[in-house]
Amino acid sequence: MDWNFIIFSIVKIAIVVGVVQGLVAYSVLAERKISAWIQDRVGPNRTAPPFMKFIPGGQFLTRLGIFQPLADGLKFMFKEDFTPAGVKKIYFFLAPAVSVIPAMLTVAVIPFGSNIGAQKMVIADLNVGILYTFGIVSMGVYGIVLAGYAANSKYPMFGGIRSSAQMISYEISMGMSVIPVLLIVGNLNLGQIISWQSTHGWMVVYAPISFIIFMVASFAETNRTPFDLPEAETELVGGYHTEYGSMKFALFFLAEYSNMVSSSAMMVTLFFGGWTLPFWGLDHAAISLGMGIAQIFVFLAKMLFFMVVFIWVRWMFPRFRYDQLMDLGWRRFLPLALVNILITAVWLWLRS
Amino acid sequence: MAVVVNRKSLTFWEKLYLPAIVGGLKVTLKHAYNTLILRKVVTMEYPEQKWTLPTGYRGAPYLVKDQEGNTKCVSCQLCEFVCPPKAIRITPPGEHGQKADRTNAEKMPAEFEINMLRCIFCGFCQEVCPEEAIFLQQDYSLTALSRSELIYNKEKLLSLGGEVGGIQKWKLKFDEAKAQENFPVKL
């Protein structure tokens with residue numbers, strides 16, 4: 001037994017899960033604030049513990065809504081956990097867990113920094129990192145389909161069916177879009193992909209079409225607008241989570257936002273150089289403690305940028321119609337991705 | 001008759017969705033800039049900021065005093081009678097009750113209660129009052145921790161109502177009566 005490895009892994013898992021949960025909570029706040037700004041409103045600005053008004057700067061934090069996620073979380077915890085009559089109990093209880101576990105698992109292979117001391121800043125340095133991610137992400141659909149099926153109600157059923165079709169379709173384009181990246185780098189290990197990018201420049205320059213397809217597909221995978229047909233508040237009441245309440249609903253919420261976190265992280269890792277920056281000497285693995293921490297923050301900053309893009313897009317575009325969605329997935333992106341693979345392969349062949 | 005609407009087919013550039021995406025970015029950015037930098041927010045943050053109410057706004061009805069601090073109400077009970085939701089309850093002073101706090105007024109109410117939970121702010125009481133003793137004023141957010149707190153008694157109504165001047169009928173009569181004491185009458 002390698003105790004060192006076990007202890008460090010547990011510490012890293014605890015920190016990463018904590019950070020992801022915190023990011024989820026605060027991305028909900030960001031969602032509400034950004035939507036408010038785009039719609040000429042103010043957003044949440046009242047919630048605060050009572051002593052906050054005596055602390056200098058507390059008023060400003062309250063205006064920003066910093067304490068809103070705490071209140072939201074507490075509300076979810078203390079709400080009555082209601083199970084409607086007529087649901088299929090086992091699946092009803094299983095579905096939130098099935099949807100939240102893959103969402104949390106995806107972060108395991110993402111290198112969120114180079115190294116601090118001798119420790120690599122990645123939970124599991126898999127040689128098949130990308131394959132692992134795709135495998136886990138495709139499990140996310142089960143949660144939603146199960147939820148739709150278990151609710152024993154029409155609208156959740158529609159939501160579940162829609163999501164199964166949508167997520168499976170877009171997974172194909174997503175997988176296809178990453179292949180040029182793998183062709184260029186010649187490695188499936190996410191850490192290797194980042195170190196390739198640190199010497200050759202960001203991947204988005206080499207495979208821009210891949211990036212566009214990957215980004216759109218990840219919007220579809222995370223059920224965000226313009227592809228939020230499984231939820232579709234205006235048509236399906238709430239889609240697959242209509243019958244859920246309190247903490248079980250919160251788990252779906254958590255899953256959606258941690259999917260956002262992990263797809264942002266994937267985009268940063270695959271196309272935007274991960275934890276590297278081309279200047280200030282941050283383009284190679286850390287040699288000092290400060291540098292290692294700086295690289296973690298570089299990664300977080302890049303990731304937060306994509307989170308904001310995710311949120312921003314939600315308040316920018318209307319939802320696609322179902323046939324448009326399928327058309328875009330199968331007749332536009334899939335051929336485009338295939339052509340992209342071909343062109344990249346030919347280009348690499350001619351160069352070698 | 002069926003009409004065929006000729007829809008213009010999209011150009012290749014438009015089919016790429018790119019112009020729409022750029023347009024969306026522009027619109028949302030403009031709005032975010034307006035709210036964040038220029039502070040053009042449409043939200044009115046209610047307890048701190050309030051509407052300026054127009055004159056003649058019909059808020060909660062309160063009893064008023066005249067310019068000399070007298071209770072104007074003479075307990076005629078017309079408002080109690082006219083009140084559609086029966087929100088007003090007046091207890092008259094009775095035969096041996098308290099006299100009015102001014103000469104030449106007949107009486108004043110021993111108790112005057114308005115149940116603000118029932119009141120519909122219709123203004124009939126103000127309209128019917130012969131003494132101009134009750135006015136709908138500018139209060140619209142009445143809050144309390146219990147229902148009984150929202151039944152306002154005479155004291156509270158008078159203190160909230162404040163002073164509204166205007167004609168003083170009783171004073172006119174008082175002067176008339178005084179003038180008639182010596183002959184010839186001079187007013």
# chains A, B, ... in the order shown; residues from 1 in each chain; ligands from 1

$ closest_atom_pairs --of "chain B" --to "chain A" --cutoff "9 Å" --atoms "only C-alpha atoms" --output "JSON lines"
{"residue": "B:Ala20", "atom": "CA", "partner": "A:Phe317", "partner_atom": "CA", "distance": 8.9}
{"residue": "B:Ile21", "atom": "CA", "partner": "A:Phe317", "partner_atom": "CA", "distance": 8.1}
{"residue": "B:Gly24", "atom": "CA", "partner": "A:Met316", "partner_atom": "CA", "distance": 5.6}
{"residue": "B:Leu25", "atom": "CA", "partner": "A:Met316", "partner_atom": "CA", "distance": 7.0}
{"residue": "B:Val27", "atom": "CA", "partner": "A:Met316", "partner_atom": "CA", "distance": 8.2}
{"residue": "B:Thr28", "atom": "CA", "partner": "A:Ile38", "partner_atom": "CA", "distance": 5.5}
{"residue": "B:Leu29", "atom": "CA", "partner": "A:Ile38", "partner_atom": "CA", "distance": 7.2}
{"residue": "B:Lys30", "atom": "CA", "partner": "A:Ile38", "partner_atom": "CA", "distance": 8.1}
{"residue": "B:His31", "atom": "CA", "partner": "A:Ile38", "partner_atom": "CA", "distance": 5.2}
{"residue": "B:Ala32", "atom": "CA", "partner": "A:Ile38", "partner_atom": "CA", "distance": 4.6}
{"residue": "B:Tyr33", "atom": "CA", "partner": "A:Trp37", "partner_atom": "CA", "distance": 8.1}
{"residue": "B:Asn34", "atom": "CA", "partner": "A:Asp40", "partner_atom": "CA", "distance": 7.5}
{"residue": "B:Thr35", "atom": "CA", "partner": "A:Asp40", "partner_atom": "CA", "distance": 5.5}
{"residue": "B:Leu36", "atom": "CA", "partner": "A:Trp37", "partner_atom": "CA", "distance": 6.7}
{"residue": "B:Arg39", "atom": "CA", "partner": "A:Asp40", "partner_atom": "CA", "distance": 8.8}
{"residue": "B:Lys40", "atom": "CA", "partner": "A:Asp40", "partner_atom": "CA", "distance": 7.1}
{"residue": "B:Val41", "atom": "CA", "partner": "A:Asp40", "partner_atom": "CA", "distance": 5.2}
{"residue": "B:Val42", "atom": "CA", "partner": "A:Asp40", "partner_atom": "CA", "distance": 6.1}
{"residue": "B:Thr43", "atom": "CA", "partner": "A:Arg41", "partner_atom": "CA", "distance": 5.6}
{"residue": "B:Glu45", "atom": "CA", "partner": "A:Val42", "partner_atom": "CA", "distance": 8.8}

$ residues_around --residues "Ser264 of chain A" --least-positions-apart "5" --cutoff "9 Å" --atoms "only C-alpha atoms" --output "ChimeraX atom specification"
/A:215,218,259,269,302-307,310

$ residues_around --residues "Lys12 of chain A" --least-positions-apart "3" --cutoff "10 Å" --atoms "only C-alpha atoms" --output "list in words"
Ile6, Ile7, Phe8, Ser9, Ile15, Val16, Val17, Gly18, Ala108, Gln119, Lys120, Met121, Val122, Ile123 and Ala124 of chain A

$ write_last_selection --atoms "C-alpha atoms" --output "mmCIF file, in the first residue's frame"
data_model
loop_
_atom_site.group_PDB
_atom_site.id
_atom_site.type_symbol
_atom_site.label_atom_id
_atom_site.label_comp_id
_atom_site.auth_asym_id
_atom_site.auth_seq_id
_atom_site.Cartn_x
_atom_site.Cartn_y
_atom_site.Cartn_z
ATOM 1 C CA ILE A 6 -3.687 7.507 -0.903
ATOM 2 C CA ILE A 7 -3.430 10.431 1.506
ATOM 3 C CA PHE A 8 -2.512 12.941 -1.176
ATOM 4 C CA SER A 9 -5.267 11.641 -3.446
ATOM 5 C CA ILE A 15 -10.218 20.093 -2.289
ATOM 6 C CA VAL A 16 -11.347 19.626 -5.881
ATOM 7 C CA VAL A 17 -14.847 18.518 -4.914
ATOM 8 C CA GLY A 18 -15.093 21.438 -2.501
ATOM 9 C CA ALA A 108 -11.050 13.632 -11.876
ATOM 10 C CA GLN A 119 2.537 16.286 -6.385
ATOM 11 C CA LYS A 120 0.943 16.504 -9.804
ATOM 12 C CA MET A 121 -2.120 18.723 -9.707
ATOM 13 C CA VAL A 122 -4.476 16.156 -11.172
ATOM 14 C CA ILE A 123 -6.462 13.552 -9.279
ATOM 15 C CA ALA A 124 -6.023 10.725 -11.754
#

$ atom_distance --atom1 "atom CA of Phe333 of chain A" --atom2 "atom CA of Pro226 of chain A"
15.5 Å

$ select_by_dssp --residues "segment 104-302 of chain A" --states "helix (DSSP H, G or I)" --output "VMD selection string"
chain A and resid 104 to 109 129 to 150 154 to 185 190 to 200 203 to 206 208 to 221 233 to 236 239 to 241 246 to 271 289 to 302
